[in-house]
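What follows is my_file_29.cif (mmCIF, C-alpha atoms and all ligand atoms).
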data_input
loop_
_atom_site.group_PDB
_atom_site.id
_atom_site.type_symbol
_atom_site.label_atom_id
_atom_site.label_comp_id
_atom_site.auth_asym_id
_atom_site.auth_seq_id
_atom_site.Cartn_x
_atom_site.Cartn_y
_atom_site.Cartn_z
ATOM 1 C CA MET M 12 0.000 0.000 0.000
ATOM 2 C CA ASP M 13 1.300 3.478 -0.851
ATOM 3 C CA ILE M 14 1.866 5.921 1.991
ATOM 4 C CA LEU M 15 -1.413 7.709 2.734
ATOM 5 C CA SER M 16 -1.621 11.432 3.408
ATOM 6 C CA ILE M 17 -4.407 12.373 5.773
ATOM 7 C CA LEU M 18 -5.533 15.806 6.896
ATOM 8 C CA VAL M 19 -6.836 15.905 10.488
ATOM 9 C CA LEU M 20 -8.995 18.996 10.649
ATOM 10 C CA ASN M 21 -10.459 20.362 13.876
ATOM 11 C CA GLY M 22 -12.880 23.251 14.191
ATOM 12 C CA PRO M 23 -13.910 25.740 16.868
ATOM 13 C CA ASN M 24 -13.173 25.090 20.546
ATOM 14 C CA LEU M 25 -11.259 21.877 19.944
ATOM 15 C CA SER M 26 -8.084 23.773 20.828
ATOM 16 C CA ARG M 27 -9.478 23.715 24.383
ATOM 17 C CA LEU M 28 -9.538 19.930 24.739
ATOM 18 C CA GLY M 29 -8.082 18.778 28.039
ATOM 19 C CA LYS M 30 -9.479 21.818 29.833
ATOM 20 C CA ARG M 31 -12.893 21.990 28.229
ATOM 21 C CA GLU M 32 -15.716 19.981 29.891
ATOM 22 C CA PRO M 33 -13.457 16.943 30.547
ATOM 23 C CA GLU M 34 -16.447 14.916 31.741
ATOM 24 C CA ILE M 35 -17.735 15.091 28.136
ATOM 25 C CA TYR M 36 -14.589 15.391 26.033
ATOM 26 C CA GLY M 37 -11.993 13.625 28.186
ATOM 27 C CA ASN M 38 -8.553 14.690 29.407
ATOM 28 C CA HIS M 39 -6.571 14.449 26.201
ATOM 29 C CA THR M 40 -5.412 17.703 24.676
ATOM 30 C CA LEU M 41 -5.537 18.123 20.909
ATOM 31 C CA ASP M 42 -1.736 17.791 20.864
ATOM 32 C CA ASP M 43 -2.073 14.464 22.739
ATOM 33 C CA ILE M 44 -4.606 13.227 20.192
ATOM 34 C CA ASN M 45 -2.441 14.259 17.262
ATOM 35 C CA ARG M 46 0.686 12.701 18.772
ATOM 36 C CA GLU M 47 -1.154 9.450 19.509
ATOM 37 C CA LEU M 48 -2.349 9.281 15.899
ATOM 38 C CA THR M 49 1.210 9.717 14.639
ATOM 39 C CA GLU M 50 2.391 6.948 16.988
ATOM 40 C CA ALA M 51 -0.474 4.584 16.136
ATOM 41 C CA PHE M 52 -0.113 4.986 12.356
ATOM 42 C CA PRO M 53 3.600 5.392 11.597
ATOM 43 C CA GLY M 54 3.017 4.658 7.903
ATOM 44 C CA ILE M 55 0.683 7.616 7.416
ATOM 45 C CA SER M 56 1.701 11.162 6.652
ATOM 46 C CA PHE M 57 -0.536 13.440 8.759
ATOM 47 C CA ASP M 58 -1.238 17.125 8.346
ATOM 48 C CA PHE M 59 -2.844 18.559 11.512
ATOM 49 C CA PHE M 60 -4.827 21.784 11.398
ATOM 50 C CA GLN M 61 -7.194 23.461 13.855
ATOM 51 C CA SER M 62 -8.982 26.776 13.565
ATOM 52 C CA GLU M 63 -11.657 28.719 15.375
ATOM 53 C CA GLU M 64 -12.578 30.259 11.994
ATOM 54 C CA GLU M 65 -15.007 28.632 9.582
ATOM 55 C CA GLY M 66 -13.378 30.253 6.525
ATOM 56 C CA GLU M 67 -9.944 28.906 7.403
ATOM 57 C CA LEU M 68 -11.345 25.377 7.553
ATOM 58 C CA LEU M 69 -12.894 25.809 4.098
ATOM 59 C CA GLU M 70 -9.628 27.158 2.690
ATOM 60 C CA LYS M 71 -7.716 24.234 4.168
ATOM 61 C CA LEU M 72 -10.112 21.755 2.531
ATOM 62 C CA PHE M 73 -9.737 23.450 -0.875
ATOM 63 C CA HIS M 74 -5.961 23.629 -0.501
ATOM 64 C CA CYS M 75 -5.886 19.921 0.323
ATOM 65 C CA GLU M 76 -8.012 19.110 -2.744
ATOM 66 C CA ASP M 77 -5.978 21.327 -5.086
ATOM 67 C CA GLN M 78 -2.624 19.953 -3.920
ATOM 68 C CA GLY M 79 -3.784 16.582 -5.191
ATOM 69 C CA ASN M 80 -1.768 14.528 -2.707
ATOM 70 C CA CYS M 81 -4.262 14.205 0.132
ATOM 71 C CA ASN M 82 -6.063 10.855 0.398
ATOM 72 C CA GLY M 83 -8.652 11.806 2.970
ATOM 73 C CA VAL M 84 -9.767 14.061 5.768
ATOM 74 C CA ILE M 85 -10.705 13.351 9.388
ATOM 75 C CA LEU M 86 -12.966 16.233 10.372
ATOM 76 C CA ASN M 87 -14.206 17.216 13.798
ATOM 77 C CA ALA M 88 -16.108 20.371 12.899
ATOM 78 C CA GLY M 89 -17.226 21.065 16.486
ATOM 79 C CA ALA M 90 -20.398 23.145 16.649
ATOM 80 C CA LEU M 91 -20.166 23.971 12.913
ATOM 81 C CA THR M 92 -21.394 20.390 12.421
ATOM 82 C CA HIS M 93 -24.851 21.471 13.445
ATOM 83 C CA TYR M 94 -25.385 24.592 11.344
ATOM 84 C CA SER M 95 -22.672 25.384 8.796
ATOM 85 C CA ILE M 96 -24.112 25.073 5.312
ATOM 86 C CA ALA M 97 -20.909 26.705 4.048
ATOM 87 C CA LEU M 98 -18.886 23.807 5.464
ATOM 88 C CA ARG M 99 -21.328 21.289 4.051
ATOM 89 C CA ASP M 100 -21.069 22.887 0.601
ATOM 90 C CA ALA M 101 -17.260 22.907 0.817
ATOM 91 C CA ILE M 102 -17.197 19.168 1.613
ATOM 92 C CA GLY M 103 -19.638 18.580 -1.246
ATOM 93 C CA ALA M 104 -17.385 20.580 -3.571
ATOM 94 C CA ILE M 105 -14.301 18.393 -3.110
ATOM 95 C CA SER M 106 -13.682 14.829 -4.194
ATOM 96 C CA ILE M 107 -11.445 13.584 -1.380
ATOM 97 C CA PRO M 108 -13.304 11.495 1.228
ATOM 98 C CA VAL M 109 -14.150 13.246 4.501
ATOM 99 C CA ILE M 110 -14.900 11.287 7.683
ATOM 100 C CA GLU M 111 -16.949 13.186 10.277
ATOM 101 C CA VAL M 112 -15.776 12.427 13.806
ATOM 102 C CA HIS M 113 -16.923 13.485 17.267
ATOM 103 C CA LEU M 114 -15.484 12.688 20.666
ATOM 104 C CA SER M 115 -18.932 12.605 22.255
ATOM 105 C CA ASN M 116 -21.982 10.758 20.972
ATOM 106 C CA ILE M 117 -23.857 13.721 19.479
ATOM 107 C CA TYR M 118 -27.030 11.588 19.246
ATOM 108 C CA ALA M 119 -27.107 11.109 23.022
ATOM 109 C CA ARG M 120 -26.828 14.816 23.843
ATOM 110 C CA GLU M 121 -28.904 17.985 23.553
ATOM 111 C CA GLU M 122 -31.515 18.123 20.787
ATOM 112 C CA PHE M 123 -29.589 20.757 18.781
ATOM 113 C CA ARG M 124 -26.553 18.468 18.594
ATOM 114 C CA ARG M 125 -28.533 15.565 17.137
ATOM 115 C CA THR M 126 -28.607 17.187 13.720
ATOM 116 C CA SER M 127 -25.506 17.188 11.568
ATOM 117 C CA VAL M 128 -25.740 19.210 8.361
ATOM 118 C CA ILE M 129 -22.480 17.670 7.097
ATOM 119 C CA SER M 130 -23.122 13.905 7.517
ATOM 120 C CA GLU M 131 -24.889 13.652 4.171
ATOM 121 C CA VAL M 132 -21.805 14.783 2.255
ATOM 122 C CA CYS M 133 -19.293 12.844 4.387
ATOM 123 C CA SER M 134 -18.118 9.325 3.552
ATOM 124 C CA GLY M 135 -18.644 8.128 7.112
ATOM 125 C CA VAL M 136 -19.524 9.257 10.627
ATOM 126 C CA ILE M 137 -17.930 8.204 13.942
ATOM 127 C CA SER M 138 -19.282 9.596 17.181
ATOM 128 C CA GLY M 139 -18.896 8.771 20.851
ATOM 129 C CA PHE M 140 -15.550 6.991 21.238
ATOM 130 C CA GLY M 141 -13.584 9.850 22.754
ATOM 131 C CA ALA M 142 -10.082 10.316 21.331
ATOM 132 C CA ASN M 143 -10.447 6.877 19.747
ATOM 133 C CA SER M 144 -13.001 8.327 17.297
ATOM 134 C CA TYR M 145 -10.073 9.829 15.380
ATOM 135 C CA HIS M 146 -8.287 6.457 15.253
ATOM 136 C CA LEU M 147 -11.428 4.724 14.021
ATOM 137 C CA GLY M 148 -11.779 7.426 11.370
ATOM 138 C CA VAL M 149 -8.237 6.776 10.148
ATOM 139 C CA ARG M 150 -8.953 3.030 10.026
ATOM 140 C CA GLY M 151 -12.051 3.789 7.962
ATOM 141 C CA LEU M 152 -10.025 5.830 5.482
ATOM 142 C CA ILE M 153 -7.379 3.099 5.217
ATOM 143 C CA GLY M 154 -10.145 0.568 4.497
ATOM 144 C CA MET M 155 -11.585 2.821 1.798
ATOM 145 C CA GLN M 156 -8.198 3.113 0.069
ATOM 146 C CA GLU M 157 -7.736 -0.667 0.160
ATOM 147 C CA LEU M 158 -11.077 -1.128 -1.593
ATOM 148 C CA LYS M 159 -9.934 1.049 -4.508
HETATM 149 C C1 LIG O 201 -18.048 17.721 19.197
HETATM 150 C C2 LIG O 201 -19.553 17.770 19.463
HETATM 151 C C3 LIG O 201 -20.126 19.118 19.089
HETATM 152 O O1 LIG O 201 -21.521 19.156 19.355
HETATM 153 C C4 LIG O 201 -19.462 20.216 19.889
HETATM 154 O O2 LIG O 201 -19.939 21.467 19.477
HETATM 155 C C5 LIG O 201 -17.982 20.162 19.845
HETATM 156 C C6 LIG O 201 -17.329 18.859 19.906
HETATM 157 C C7 LIG O 201 -17.419 16.397 19.709
HETATM 158 O O3 LIG O 201 -16.280 16.122 19.340
HETATM 159 O O4 LIG O 201 -18.046 15.655 20.471
HETATM 160 O O5 LIG O 201 -17.302 21.194 19.820
HETATM 161 O O6 LIG O 201 -17.815 17.802 17.799
#
Show the structure stored in the file as structure tokens.
Amino acid sequence: MDILSILVLNGPNLSRLGKREPEIYGNHTLDDINRELTEAFPGISFDFFQSEEEGELLEKLFHCEDQGNCNGVILNAGALTHYSIALRDAIGAISIPVIEVHLSNIYAREEFRRTSVISEVCSGVISGFGANSYHLGVRGLIGMQELK
């Protein structure tokens, strides 16, 4: 199998992991999660990016698509998941597979979190496994590449 390049994209407030509502999101910081991914998948080339800004996330997705060497995206869009039509349209506008991930199970939380406007344009959805959601997302992408 060729080396895969995967973008791990995190949206608003995920920079606060470790400090933010640990009873919901756990104790791992985003740096911990990213480091653990690198350790768990030594054969994968990761690009890690987090922003509080919706537009920066869109630009990163387009950059990734235009570069032509990105095999897939692991996306935790945070609250944008629930209302950003701009993000949904951006995912729909690119051809690389995007896996939607969430640390918490969004379907077991408040009503407003039970709707994702991006799921329909994502290749898969993983929600509720804490930091492991990212690992499961990477496994999903690897499986998709093997099917090609
Ligand atoms: C989240 C769930 C979202 O509802 C929330 O806004 C987040 C994090 C998660 O990883 O569980 O910021 O995406």
Discussion item. Using all atoms listed in the file, which residues of the polymer chains come no farther than 8 Å from ligand LIG 201 (chain O)? I'd like the answer as a ChimeraX atom specification.
Written reply: /M:22-25,35-36,87-93,112-117,124,138-139,141
Discussion item. For this structure, which residues satisfy the selection - the PyMOL selection byres (((chain M and resi 43-50) around 10) and not hetatm) - when it is evaluated on the file as given? I want them as a PyMOL selection string.
Written reply: chain M and resi 19+28-29+38-42+51-60+141-143+145-146+149
Store the residues picked out above in a file with C-alpha atoms, as a short mmCIF file (atom, residue, chain, number, x, y, z; two decimals), keeping the file's coordinate frame.
data_model
loop_
_atom_site.label_atom_id
_atom_site.label_comp_id
_atom_site.auth_asym_id
_atom_site.auth_seq_id
_atom_site.Cartn_x
_atom_site.Cartn_y
_atom_site.Cartn_z
CA VAL M 19 -6.84 15.90 10.49
CA LEU M 28 -9.54 19.93 24.74
CA GLY M 29 -8.08 18.78 28.04
CA ASN M 38 -8.55 14.69 29.41
CA HIS M 39 -6.57 14.45 26.20
CA THR M 40 -5.41 17.70 24.68
CA LEU M 41 -5.54 18.12 20.91
CA ASP M 42 -1.74 17.79 20.86
CA ALA M 51 -0.47 4.58 16.14
CA PHE M 52 -0.11 4.99 12.36
CA PRO M 53 3.60 5.39 11.60
CA GLY M 54 3.02 4.66 7.90
CA ILE M 55 0.68 7.62 7.42
CA SER M 56 1.70 11.16 6.65
CA PHE M 57 -0.54 13.44 8.76
CA ASP M 58 -1.24 17.12 8.35
CA PHE M 59 -2.84 18.56 11.51
CA PHE M 60 -4.83 21.78 11.40
CA GLY M 141 -13.58 9.85 22.75
CA ALA M 142 -10.08 10.32 21.33
CA ASN M 143 -10.45 6.88 19.75
CA TYR M 145 -10.07 9.83 15.38
CA HIS M 146 -8.29 6.46 15.25
CA VAL M 149 -8.24 6.78 10.15
#
Practice prompt. Just give me the gap between atom CA of Leu15 of chain M and atom CA of Gln61 of chain M in Å, one decimal is fine.
Written response: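 These two atoms are separated by 20.1 Å.
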Closest atom pairs, residues of segment 95-138 of chain M within 7 Å of segment 63-79 of chain M, all atoms listed in the file, as CSV:
residue,atom,partner,partner_atom,distance
M:Leu98,CA,M:Leu69,CA,6.5
M:Ala101,CA,M:Leu69,CA,6.2
M:Ile105,CA,M:Glu76,CA,6.3
M:Ile107,CA,M:Glu76,CA,6.6
Practice prompt. Work out how far atom CA of Ile129 of chain M is from atom CA of Ser95 of chain M, in Å to one decimal.
Written response: 7.9 Å
Taking 4 positions as the minimum chain separation for residues in the same chain, which residues sit within 7 Å of Pro108 of chain M when counting only C-alpha atoms? Answer as a PDB file with C-alpha atoms, keeping the file's coordinate frame.
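Output file selection_12.pdb is given in full below:
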ATOM      1  CA  GLY M  83      -8.652  11.806   2.970  1.00  0.00           C
ATOM      2  CA  VAL M  84      -9.767  14.061   5.768  1.00  0.00           C
ATOM      3  CA  CYS M 133     -19.293  12.844   4.387  1.00  0.00           C
ATOM      4  CA  SER M 134     -18.118   9.325   3.552  1.00  0.00           C
TER       5      SER M 134
END
Item to complete: Rank nothing, just name the residue among M:Gly151, M:Arg99, M:Phe140, M:Asn80 nearest to Gly37 of chain M, using all atoms listed in the file.
Response: M:Phe140
Hey, could you pull the box centre and edge lengths for segment 77-85 of chain M, axis-aligned, 6 Å padding per side, all listed atoms, to one decimal in Å, as lines of an AutoDock Vina configuration file?
center_x = -6.2
center_y = 16.1
center_z = 2.1
size_x = 20.9
size_y = 22.5
size_z = 26.6
